[in-house]
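Visitor: Here you go, this is data_26.txt (compact mmCIF, C-alpha atoms and all ligand atoms).
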```txt
# COMPACT_ATOMS: atom_id res chain seq x y z
CA MET A 1 16.95 27.08 7.28
CA GLU A 2 13.67 26.52 5.47
CA LEU A 3 11.93 23.34 4.39
CA PHE A 4 12.51 22.20 0.82
CA LYS A 5 9.02 22.80 -0.52
CA VAL A 6 8.07 19.66 -2.43
CA TYR A 7 4.59 19.10 -0.97
CA SER A 8 1.29 20.83 -1.79
CA LEU A 9 -0.23 21.45 1.63
CA TYR A 10 -3.78 21.87 2.88
CA ASP A 11 -4.00 24.77 5.30
CA VAL A 12 -4.60 22.63 8.38
CA GLU A 13 -2.39 21.36 11.17
CA ILE A 14 -3.45 18.15 12.89
CA VAL A 15 -2.27 17.89 16.48
CA ARG A 16 -4.28 15.01 17.95
CA ALA A 17 -5.91 11.81 16.70
CA LYS A 18 -7.94 8.84 17.93
CA GLY A 19 -9.41 5.99 15.91
CA SER A 20 -10.75 7.57 12.70
CA LYS A 21 -10.96 11.08 14.13
CA VAL A 22 -8.32 13.80 14.06
CA TRP A 23 -8.28 17.31 15.57
CA ASP A 24 -6.58 20.48 14.33
CA LYS A 25 -4.83 22.98 16.60
CA GLU A 26 -8.02 25.05 16.91
CA GLY A 27 -9.79 21.97 18.29
CA ASN A 28 -11.90 21.24 15.19
CA GLU A 29 -12.73 17.54 14.74
CA TYR A 30 -12.34 15.80 11.35
CA LEU A 31 -13.36 12.38 10.07
CA ASP A 32 -10.31 10.66 8.59
CA MET A 33 -11.32 8.70 5.47
CA TYR A 34 -7.77 8.91 4.14
CA GLY A 35 -5.81 7.30 6.98
CA GLY A 36 -2.79 9.49 6.20
CA HIS A 37 -2.59 7.79 2.77
CA ALA A 38 -3.60 4.22 3.72
CA VAL A 39 -1.11 4.22 6.57
CA ILE A 40 -3.44 4.12 9.57
CA SER A 41 -4.63 0.51 9.73
CA ILE A 42 -5.62 -0.19 13.34
CA GLY A 43 -6.70 3.38 14.12
CA HIS A 44 -4.85 6.48 15.27
CA THR A 45 -3.29 6.16 18.74
CA ASN A 46 -4.58 2.59 19.10
CA PRO A 47 -3.88 1.71 22.78
CA ARG A 48 -2.01 -1.56 22.03
CA TYR A 49 0.16 0.29 19.50
CA VAL A 50 0.90 3.20 21.85
CA ASN A 51 1.69 0.94 24.82
CA SER A 52 3.85 -1.34 22.71
CA LEU A 53 5.97 1.58 21.45
CA LYS A 54 6.18 3.23 24.88
CA SER A 55 7.31 0.09 26.67
CA GLN A 56 9.79 -0.77 23.90
CA LEU A 57 11.28 2.71 24.17
CA ASP A 58 11.71 2.27 27.92
CA ASN A 59 13.82 -0.85 27.24
CA ILE A 60 15.74 -0.12 24.05
CA GLY A 61 14.90 2.03 21.02
CA PHE A 62 17.55 0.89 18.57
CA TYR A 63 20.38 -1.46 17.92
CA SER A 64 21.64 -2.52 14.51
CA ASN A 65 21.18 -5.77 12.62
CA SER A 66 24.59 -6.93 13.85
CA VAL A 67 22.93 -8.47 16.93
CA ILE A 68 19.95 -10.74 17.60
CA ILE A 69 16.63 -8.86 17.63
CA SER A 70 14.31 -11.71 18.50
CA SER A 71 11.14 -9.62 18.15
CA GLN A 72 11.84 -9.73 14.38
CA ASN A 73 11.19 -13.50 14.51
CA ARG A 74 7.92 -12.90 16.35
CA LEU A 75 6.90 -10.39 13.64
CA ALA A 76 7.81 -12.85 10.86
CA GLU A 77 5.70 -15.50 12.58
CA LEU A 78 2.73 -13.12 12.85
CA ILE A 79 2.95 -11.86 9.25
CA GLY A 80 3.25 -15.46 8.05
CA LYS A 81 0.12 -16.33 10.01
CA VAL A 82 -2.02 -13.31 9.12
CA SER A 83 -1.10 -13.56 5.41
CA GLY A 84 -1.40 -17.35 5.24
CA LYS A 85 2.18 -17.62 3.88
CA GLU A 86 3.93 -19.33 6.77
CA ASP A 87 6.63 -20.84 4.56
CA TYR A 88 7.74 -17.41 3.21
CA SER A 89 10.57 -15.41 4.85
CA LEU A 90 10.63 -11.79 5.87
CA PHE A 91 13.15 -9.04 5.12
CA LEU A 92 12.61 -5.75 6.95
CA CYS A 93 13.37 -2.28 5.63
CA ASN A 94 11.97 1.23 6.06
CA SER A 95 9.53 2.29 3.34
CA GLY A 96 7.47 1.17 0.38
CA ALA A 97 9.97 2.30 -2.24
CA GLU A 98 12.76 0.52 -0.40
CA ALA A 99 10.68 -2.65 -0.20
CA ASN A 100 10.16 -2.52 -3.98
CA GLU A 101 13.87 -1.84 -4.63
CA ASN A 102 14.77 -4.89 -2.57
CA ALA A 103 12.15 -7.06 -4.25
CA MET A 104 13.39 -6.15 -7.75
CA LYS A 105 17.01 -6.61 -6.70
CA LEU A 106 16.27 -10.01 -5.19
CA ALA A 107 14.43 -11.14 -8.34
CA SER A 108 17.37 -9.96 -10.44
CA PHE A 109 19.91 -11.74 -8.22
CA HIS A 110 17.82 -14.91 -8.33
CA THR A 111 17.29 -15.00 -12.10
CA GLY A 112 20.55 -13.37 -13.20
CA ARG A 113 18.40 -11.13 -15.47
CA ASN A 114 18.03 -7.36 -15.66
CA LEU A 115 14.54 -6.46 -16.94
CA ILE A 116 11.56 -5.52 -14.79
CA LEU A 117 8.10 -5.39 -16.36
CA THR A 118 5.51 -3.00 -14.91
CA PHE A 119 2.25 -1.47 -16.15
CA THR A 120 0.68 1.79 -17.22
CA GLY A 121 -0.90 3.64 -14.31
CA SER A 122 1.47 2.09 -11.79
CA PHE A 123 3.12 3.79 -8.81
CA HIS A 124 5.98 2.00 -7.07
CA GLY A 125 7.85 4.78 -5.25
CA ARG A 126 10.36 7.56 -5.86
CA THR A 127 13.77 5.92 -5.54
CA SER A 128 16.03 4.80 -8.39
CA LEU A 129 14.49 1.68 -9.98
CA ALA A 130 11.13 2.03 -8.20
CA VAL A 131 10.56 5.43 -9.82
CA GLU A 132 11.62 4.07 -13.21
CA ALA A 133 9.09 1.28 -12.69
CA THR A 134 6.43 3.96 -11.99
CA ASP A 135 4.33 5.36 -14.84
CA ASN A 136 5.05 9.06 -14.28
CA LYS A 137 7.70 10.79 -16.39
CA ALA A 138 7.37 13.99 -14.30
CA ILE A 139 9.10 12.41 -11.31
CA LEU A 140 11.81 10.60 -13.28
CA ALA A 141 15.26 12.24 -13.21
CA PRO A 142 17.80 11.49 -15.94
CA CYS A 143 19.84 9.38 -13.51
CA ASN A 144 16.80 7.13 -12.95
CA CYS A 145 16.71 6.06 -16.60
CA SER A 146 18.60 2.75 -16.49
CA GLY A 147 16.69 1.18 -19.37
CA ASN A 148 15.93 -1.87 -17.23
CA VAL A 149 12.18 -1.26 -17.05
CA LEU A 150 9.58 -2.31 -19.61
CA GLN A 151 5.97 -1.17 -19.42
CA THR A 152 2.83 -2.58 -21.06
CA PRO A 153 -0.85 -1.56 -20.71
CA PHE A 154 -2.53 -2.51 -17.43
CA ASN A 155 -5.08 -5.34 -17.64
CA ASP A 156 -4.02 -6.19 -21.21
CA CYS A 157 -3.25 -9.93 -21.39
CA GLU A 158 -2.40 -9.85 -25.09
CA ALA A 159 0.27 -7.16 -24.67
CA LEU A 160 1.66 -9.17 -21.76
CA GLN A 161 1.99 -12.30 -23.89
CA GLU A 162 3.62 -10.29 -26.69
CA ILE A 163 6.27 -8.76 -24.45
CA PHE A 164 7.06 -12.17 -22.94
CA LYS A 165 7.37 -13.62 -26.43
CA ALA A 166 9.83 -10.89 -27.36
CA LYS A 167 11.83 -10.49 -24.13
CA GLY A 168 10.67 -13.20 -21.73
CA ASN A 169 14.11 -14.75 -21.28
CA SER A 170 15.54 -11.44 -20.01
CA ILE A 171 12.65 -10.56 -17.66
CA ALA A 172 13.68 -10.92 -14.01
CA ALA A 173 10.33 -9.86 -12.57
CA VAL A 174 6.85 -8.58 -13.26
CA MET A 175 5.75 -6.10 -10.60
CA VAL A 176 2.04 -5.33 -10.21
CA GLU A 177 0.04 -3.46 -7.57
CA GLY A 178 -2.67 -5.47 -5.80
CA ILE A 179 -4.93 -2.55 -6.71
CA GLN A 180 -3.49 0.56 -8.37
CA GLY A 181 -3.86 3.34 -5.80
CA VAL A 182 -2.23 6.48 -7.19
CA GLY A 183 -3.43 5.22 -10.60
CA GLY A 184 -7.02 5.76 -9.43
CA ILE A 185 -8.23 2.54 -7.76
CA GLN A 186 -7.80 0.37 -10.84
CA ILE A 187 -8.36 -3.31 -10.04
CA PRO A 188 -6.38 -5.94 -11.95
CA THR A 189 -8.68 -8.59 -13.40
CA ASP A 190 -8.26 -12.17 -12.16
CA ASP A 191 -7.44 -13.14 -15.73
CA PHE A 192 -4.64 -10.53 -15.90
CA LEU A 193 -3.07 -11.66 -12.60
CA ARG A 194 -3.33 -15.33 -13.55
CA THR A 195 -1.72 -14.59 -16.94
CA ILE A 196 1.17 -12.83 -15.16
CA ARG A 197 1.54 -15.86 -12.87
CA ARG A 198 1.43 -18.32 -15.78
CA LEU A 199 3.94 -16.39 -17.91
CA CYS A 200 6.31 -15.92 -14.97
CA ASN A 201 6.21 -19.69 -14.40
CA GLU A 202 6.73 -20.43 -18.10
CA TYR A 203 9.69 -18.07 -18.53
CA GLY A 204 11.28 -18.36 -15.09
CA ALA A 205 10.49 -14.74 -14.14
CA GLN A 206 9.46 -13.75 -10.60
CA MET A 207 6.08 -12.21 -9.77
CA ILE A 208 6.27 -9.26 -7.36
CA ALA A 209 3.02 -8.02 -5.83
CA ASP A 210 3.35 -4.42 -4.69
CA GLU A 211 1.03 -4.49 -1.68
CA VAL A 212 2.40 -1.29 -0.14
CA GLN A 213 -1.04 0.33 -0.35
CA SER A 214 -3.42 -2.56 -1.05
CA GLY A 215 -1.92 -4.95 1.52
CA CYS A 216 -2.28 -5.39 5.27
CA GLY A 217 -5.85 -6.64 4.93
CA ARG A 218 -7.33 -3.45 3.47
CA THR A 219 -9.11 -5.22 0.57
CA GLY A 220 -10.50 -8.17 2.54
CA LYS A 221 -7.44 -10.40 2.07
CA TYR A 222 -4.03 -9.70 3.57
CA TYR A 223 -2.62 -9.35 0.04
CA ALA A 224 -4.96 -8.07 -2.69
CA VAL A 225 -3.52 -10.18 -5.55
CA ASP A 226 -4.50 -13.31 -3.60
CA HIS A 227 -8.16 -12.57 -4.52
CA ALA A 228 -7.24 -14.06 -7.93
CA GLY A 229 -6.37 -17.39 -6.27
CA ILE A 230 -2.65 -17.10 -7.04
CA SER A 231 0.47 -16.42 -4.96
CA ALA A 232 3.22 -13.97 -5.85
CA ASP A 233 6.89 -14.88 -5.36
CA ILE A 234 7.57 -11.66 -3.45
CA TYR A 235 5.06 -9.39 -1.69
CA THR A 236 6.12 -5.86 -0.79
CA MET A 237 4.62 -3.99 2.17
CA ALA A 238 4.86 -0.72 4.10
CA LYS A 239 2.19 1.87 5.05
CA GLY A 240 -0.42 -0.06 7.11
CA ILE A 241 1.94 -2.60 8.64
CA GLY A 242 3.37 0.04 11.01
CA ASN A 243 0.17 2.11 11.55
CA GLY A 244 2.32 5.23 11.10
CA PHE A 245 5.65 4.01 12.38
CA PRO A 246 7.99 3.90 9.33
CA ILE A 247 8.59 0.31 8.28
CA GLY A 248 8.78 -1.61 5.01
CA ALA A 249 9.03 -5.33 4.41
CA ILE A 250 9.14 -8.02 1.76
CA SER A 251 7.71 -11.49 2.13
CA ILE A 252 9.81 -13.94 0.10
CA ALA A 253 8.78 -17.36 -1.28
CA PRO A 254 10.76 -20.40 -0.11
CA HIS A 255 12.57 -20.97 -3.42
CA PHE A 256 14.78 -17.87 -2.88
CA GLN A 257 18.16 -18.59 -1.31
CA ALA A 258 19.43 -15.98 1.17
CA LYS A 259 23.13 -15.07 1.01
CA LYS A 260 24.91 -13.00 3.66
CA GLY A 261 25.05 -9.36 2.63
CA MET A 262 22.81 -9.68 -0.43
CA LEU A 263 20.27 -7.26 1.12
CA GLY A 264 20.69 -4.96 4.10
CA THR A 265 19.81 -1.70 5.84
CA THR A 266 20.79 0.11 9.05
CA PHE A 267 17.34 0.95 10.38
CA GLY A 268 15.29 -1.90 8.89
CA GLY A 269 13.84 -4.15 11.59
CA ASN A 270 14.78 -1.84 14.46
CA HIS A 271 13.23 -2.50 17.86
CA LEU A 272 10.66 0.31 17.69
CA ALA A 273 9.45 -0.40 14.15
CA VAL A 274 9.09 -4.08 14.95
CA ALA A 275 7.19 -3.34 18.18
CA ALA A 276 4.78 -1.18 16.17
CA ALA A 277 4.30 -3.82 13.46
CA ILE A 278 3.76 -6.60 16.01
CA SER A 279 0.97 -4.62 17.64
CA VAL A 280 -0.67 -4.10 14.21
CA ALA A 281 -0.52 -7.80 13.27
CA GLU A 282 -1.84 -8.84 16.71
CA GLU A 283 -4.76 -6.39 16.50
CA ILE A 284 -5.63 -7.62 13.00
CA LEU A 285 -5.60 -11.26 14.09
CA GLU A 286 -7.42 -10.82 17.41
CA ASN A 287 -10.15 -8.57 16.04
CA ASN A 288 -10.68 -10.20 12.59
CA LEU A 289 -9.96 -6.86 10.99
CA ILE A 290 -9.49 -8.34 7.50
CA GLU A 291 -12.98 -9.87 7.43
CA LYS A 292 -14.40 -6.68 8.89
CA ALA A 293 -12.63 -4.55 6.25
CA SER A 294 -14.37 -6.60 3.60
CA GLU A 295 -17.80 -6.24 5.23
CA LYS A 296 -17.48 -2.54 6.02
CA GLY A 297 -16.08 -1.85 2.56
CA GLU A 298 -19.08 -3.50 0.92
CA PHE A 299 -21.45 -1.57 3.20
CA LEU A 300 -19.68 1.71 2.41
CA MET A 301 -19.53 1.09 -1.35
CA ASN A 302 -23.22 0.11 -1.52
CA MET A 303 -24.21 3.20 0.42
CA LEU A 304 -22.07 5.44 -1.82
CA ARG A 305 -23.75 3.90 -4.89
CA GLN A 306 -27.23 4.43 -3.45
CA GLU A 307 -26.81 7.85 -1.89
CA LEU A 308 -24.55 9.91 -4.17
CA PRO A 309 -26.24 11.76 -7.06
CA SER A 310 -25.87 9.64 -10.19
CA ASN A 311 -25.44 12.69 -12.45
CA LYS A 312 -22.27 13.63 -10.52
CA VAL A 313 -20.70 10.19 -10.23
CA LYS A 314 -19.20 8.22 -13.10
CA GLU A 315 -18.21 5.13 -11.12
CA ILE A 316 -17.65 3.84 -7.62
CA ARG A 317 -15.16 0.99 -7.52
CA GLY A 318 -12.86 -0.75 -5.11
CA ARG A 319 -12.44 -3.68 -2.81
CA GLY A 320 -12.83 -3.67 0.96
CA LEU A 321 -11.68 -0.33 2.34
CA MET A 322 -9.79 0.78 -0.79
CA ILE A 323 -12.43 2.74 -2.66
CA GLY A 324 -12.44 5.21 -5.54
CA ILE A 325 -15.25 7.63 -6.35
CA GLU A 326 -14.80 8.77 -9.93
CA LEU A 327 -16.72 12.01 -10.50
CA ASN A 328 -17.82 13.49 -13.81
CA GLU A 329 -15.83 16.60 -12.87
CA ASP A 330 -12.50 17.56 -11.32
CA SER A 331 -12.51 16.76 -7.59
CA THR A 332 -9.80 19.23 -6.47
CA GLU A 333 -12.17 21.91 -5.14
CA ILE A 334 -14.53 19.29 -3.72
CA ARG A 335 -11.69 17.70 -1.75
CA LYS A 336 -10.67 21.11 -0.40
CA GLU A 337 -14.26 21.82 0.61
CA LEU A 338 -14.61 18.41 2.20
CA ILE A 339 -11.84 19.49 4.57
CA SER A 340 -12.93 23.08 5.19
CA ASN A 341 -16.76 22.65 5.17
CA GLN A 342 -17.40 19.04 5.98
CA ARG A 343 -14.28 18.46 8.09
CA MET A 344 -13.33 15.22 6.44
CA PHE A 345 -10.07 14.01 4.88
CA VAL A 346 -10.09 12.00 1.64
CA GLY A 347 -7.35 11.19 -0.88
CA SER A 348 -6.71 12.17 -4.47
CA ALA A 349 -5.31 10.21 -7.42
CA LYS A 350 -3.35 10.93 -10.61
CA ASN A 351 -6.70 11.40 -12.39
CA SER A 352 -8.08 14.49 -10.64
CA HIS A 353 -11.70 13.31 -11.04
CA ILE A 354 -11.10 10.63 -8.44
CA ILE A 355 -11.63 10.79 -4.68
CA ARG A 356 -9.86 7.99 -2.82
CA LEU A 357 -11.16 6.55 0.44
CA LEU A 358 -8.57 4.67 2.50
CA PRO A 359 -9.88 4.70 6.09
CA ALA A 360 -8.52 2.67 9.00
CA LEU A 361 -9.69 -0.96 9.08
CA THR A 362 -11.20 -0.14 12.48
CA ILE A 363 -13.62 2.50 11.13
CA SER A 364 -17.16 2.00 12.45
CA PRO A 365 -20.27 1.55 10.25
CA GLU A 366 -21.61 4.80 11.78
CA GLU A 367 -18.48 6.64 10.65
CA CYS A 368 -18.93 5.12 7.16
CA SER A 369 -22.54 6.43 7.00
CA ASP A 370 -21.35 9.77 8.30
CA ALA A 371 -18.71 9.95 5.54
CA VAL A 372 -21.33 9.25 2.86
CA SER A 373 -23.63 12.00 4.11
CA ARG A 374 -20.76 14.51 4.25
CA ILE A 375 -19.82 13.77 0.61
CA LYS A 376 -23.49 13.81 -0.43
CA LYS A 377 -24.02 17.22 1.15
CA LEU A 378 -21.17 18.68 -0.90
CA LEU A 379 -22.11 17.04 -4.17
C1 LIG B 401 1.64 0.98 -4.40
C2 LIG B 401 2.74 1.81 -3.80
N1 LIG B 401 4.00 1.36 -3.89
C3 LIG B 401 5.02 2.05 -3.34
C4 LIG B 401 4.81 3.24 -2.69
C5 LIG B 401 5.97 4.00 -2.09
O1 LIG B 401 5.94 3.91 -0.71
P1 LIG B 401 6.82 4.93 0.18
O2 LIG B 401 6.22 6.28 -0.01
O3 LIG B 401 6.68 4.38 1.57
O4 LIG B 401 8.22 4.86 -0.34
C6 LIG B 401 3.50 3.75 -2.57
C7 LIG B 401 3.23 5.03 -1.88
O5 LIG B 401 2.23 5.65 -2.04
C8 LIG B 401 2.43 3.00 -3.15
O6 LIG B 401 1.18 3.43 -3.08
```
With the file now loaded, output its structure as structure tokens.
Guide:
Amino acid sequence: MELFKVYSLYDVEIVRAKGSKVWDKEGNEYLDMYGGHAVISIGHTNPRYVNSLKSQLDNIGFYSNSVIISSQNRLAELIGKVSGKEDYSLFLCNSGAEANENAMKLASFHTGRNLILTFTGSFHGRTSLAVEATDNKAILAPCNCSGNVLQTPFNDCEALQEIFKAKGNSIAAVMVEGIQGVGGIQIPTDDFLRTIRRLCNEYGAQMIADEVQSGCGRTGKYYAVDHAGISADIYTMAKGIGNGFPIGAISIAPHFQAKKGMLGTTFGGNHLAVAAAISVAEEILENNLIEKASEKGEFLMNMLRQELPSNKVKEIRGRGLMIGIELNEDSTEIRKELISNQRMFVGSAKNSHIIRLLPALTISPEECSDAVSRIKKLL
């Protein structure tokens, strides 16, 4: 049997990792400014994370949601505390797409409506409604076309008002990324987010913040949309909350009523995933990683703006440790060379001119400076 070849691979195999460093099987060291796609939050092989998983595995690795798993309550308490939403409730699942599916389903159950409004440039996952909510026709199969998704231009308040005027009474939810990641580090304006919030309130629709990539403190707040001084009705999470252990979650405002069987999953909230996520939340709280992400992000962005050649760079934008470098040229070869020559991992985006930086929240200022000089050398 062979693998089903759906991924474009770099010719490198990583076999070991620590903090923001990874090593290939020949022993070469790389600086990880990509965090395995915003997944590594508290650093590779963080000791608390490793010990937590090891000791959980010695006790019990899995049992289903048909019995009490009290560590789930501890995780809910911690996520409530670290996000400042202690009156919200937590539903646990396995991935970002699954979190978004559950959020949209819950909003639809709650409102009795069918339409989901999303925006150009968005990425919400590859499963049925999540992929329809995503702005990428190339990954949409005919069976994903339910007709339940509307899309308007990102950051366009007028178009938003128009669609609500026309269809507002059928809209179950508006789903927006805290910062568009795959879309190329596009930041929603405060005005845009507040208009979504206002229109949702006016028409009885639910606001879903997709914080799968922008959440977990990466932007200097636990949830990126909260920078606009608003709260969403449902926040979706995955990636960073497990530091590499697969887990997804949604944080649900108190006005939603749970009913037995309305949501569910076999693996969601299993002992190992919860142990991993507890260690992440504890590390974030104990080490003020959210504040530090904000400081280090500002330091890194300022240095990128000062050091990179202005004739090569169109714009550097981002928040905290979610940063996009938009070049005046295609970045594909540059990203390849960053790996092979400069031994550094970075991310790409739908727009191939963009280099995405999504390092662990624990990256050091020295590693940030090092990253800037490696990119500068190549440019
Ligand atoms: C904003 C956003 N939402 C959803 C997803 C889907 O997450 P997953 O790949 O865990 O299903 C991603 C993944 O990149 C994402 O960036």
Visitor: Contacts of Ser170 of chain A at 6 Å or less, counting all atoms listed in the file, minus same-chain residues fewer than 3 places along, as a PyMOL selection string?
Guide: chain A and resi 113+115+167
Visitor: Taking all atoms listed in the file into account, name the residue in A:Cys93, A:Leu150, A:Leu193, A:Ala159 that is nearest to ligand LIG 401 (chain B).
Guide: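 Closest to ligand LIG 401 (chain B) of all the choices is A:Cys93.
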Visitor: Any residue with an atom at most 7 Å from ligand LIG 401 (chain B) counts, using all atoms listed in the file. Which are they? Put them as a PyMOL selection string.
Guide: chain A and resi 95-98+100+123-126+177+180-182+210-213+238-239
Visitor: Could you state the separation of atom CA of Ala38 of chain A and atom CA of Glu367 of chain A in Å, given to one decimal place?
Guide: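 Value for the atom CA of Ala38 of chain A-atom CA of Glu367 of chain A distance: 16.6 Å.
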Visitor: So, counting all atoms listed in the file, which residue among A:Leu321, A:Leu304, A:Cys143, A:Ile375 is closest to Glu337 of chain A?
Guide: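 Ranked by minimum distance to Glu337 of chain A, first place goes to A:Ile375.
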